[in-house]
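What follows is a short report on a single structure.
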Amino acid sequence: MRSVRRGMVAAALAFPLAFGFAGVATAGEKEVEAYWAEYEANYAFAGSFGAAAGDVSSGAGLIDFKDKDKGKGHDNGKDHGDKSYGQKYGWSEYENKGAAAGFFGAGAWGIDADSGYFKFFKKG
């Protein structure tokens, strides 16, 4: 299930990212920042009172495209300052799944949370 969800996230991000790269490619001064963090833990316990097993994972990422276009004013050669254009894409996910069994019964759980955002901005 996790690979299906990651595939859906990748597909959802591929379309806007394609336009993001195309927009940045025409710029003069470009800056791209990308960050990714991931954590995963698998566990299993067994004892005289029962057993438990599970998986906890989380991940987050950010891609920031910045395009700085120096002011190119044509008003008698005056410089109109810097204009900055950019796009930001971010996403995060959390997953906790497991099962336990003991003297008093058994249980299983699954918790998933996903979020994403994108932002287009123009300063100047």
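Following the order of the structure tokens, chains are lettered A, B, ..., residues in each are numbered from 1, and ligands are numbered from 1.
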Item to check | Residue contacts of range 107-118 of chain A (7 Å, only C-alpha atoms) excluding same-chain residues fewer than 6 positions away, as a ChimeraX atom specification | outcome: /A:88-101
Keeping only C-alpha atoms, write the selected residues as a compact mmCIF listing (two decimals), in the first residue's frame.
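Final output, saved to selection05.txt:
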```
# COMPACT_ATOMS: atom_id res chain seq x y z
CA LYS A 88 7.35 25.87 -3.71
CA TYR A 89 6.13 22.29 -3.44
CA GLY A 90 5.96 20.38 -0.18
CA TRP A 91 4.54 17.14 1.13
CA SER A 92 4.57 15.03 4.27
CA GLU A 93 3.34 11.61 5.31
CA TYR A 94 2.98 9.55 8.47
CA GLU A 95 2.10 5.87 8.80
CA ASN A 96 1.64 3.67 11.87
CA LYS A 97 0.48 0.05 11.46
CA GLY A 98 0.58 -2.87 13.78
CA ALA A 99 -1.07 -5.81 15.50
CA ALA A 100 -1.04 -7.24 19.00
CA ALA A 101 -2.43 -10.35 20.66
```
Checklist entry - range 46-48 of chain A: which residues within 9 Å, counting only C-alpha atoms, same-chain residues fewer than 4 positions away excluded, as a list in words? => result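 Final neighbour list, sorted by chain and number: Ala52, Ala53 and Gly102 of chain A.
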Item to check | Contact residues around Phe121 in chain A with only C-alpha atoms at 8 Å, ignoring same-chain residues under 6 positions, as a ChimeraX atom specification | outcome: /A:85-87
I need the residues from that last selection saved to file as a compact mmCIF listing (two decimals), in the first residue's frame (with C-alpha atoms), if you can.
```
# COMPACT_ATOMS: atom_id res chain seq x y z
CA TYR A 85 9.50 34.69 -8.90
CA GLY A 86 9.24 31.25 -7.42
CA GLN A 87 7.36 28.06 -6.77
```
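In this model, the gap between CA of Ala37 in chain A and CA of Asp55 in chain A comes to 17.2 Å.
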Item to check | Straight-line distance linking CA of Val32 in chain A with CA of Phe65 in chain A, stated in Å to one decimal | outcome: 4.6 Å
Item to check | Who sits within 7 Å of Ala34 in chain A, only C-alpha atoms, same chain under 4 positions skipped, as a list in words | outcome: Leu62, Ile63 and Asp64 of chain A
Now that the selection is made, can you save its residues with N, CA and C atoms as a compact mmCIF listing (two decimals), in the first residue's frame?
```
# COMPACT_ATOMS: atom_id res chain seq x y z
N LEU A 62 10.58 19.08 0.54
CA LEU A 62 10.32 20.44 0.08
C LEU A 62 11.19 20.71 -1.14
N ILE A 63 10.60 21.27 -2.17
CA ILE A 63 11.35 21.71 -3.35
C ILE A 63 11.01 23.18 -3.55
N ASP A 64 12.03 24.01 -3.66
CA ASP A 64 11.86 25.46 -3.76
C ASP A 64 12.60 25.95 -5.00
```
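Minimum atom-to-atom distance to Glu33 in chain A, evaluated using only C-alpha atoms, belongs to A:Lys66 out of A:Lys66, A:Gly50, A:Gly105, A:Phe45.
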Item to check | For CA of Gly59 in chain A and CA of Trp36 in chain A, the interatomic separation in Å (one decimal) | outcome: 7.4 Å
Next on the checklist: Could you check the closest approach to Phe120 in chain A for each of A:Glu31, A:Gly61, A:Phe103, A:Asp67 and tell me which residue wins, using only C-alpha atoms?
Outcome noted: A:Asp67
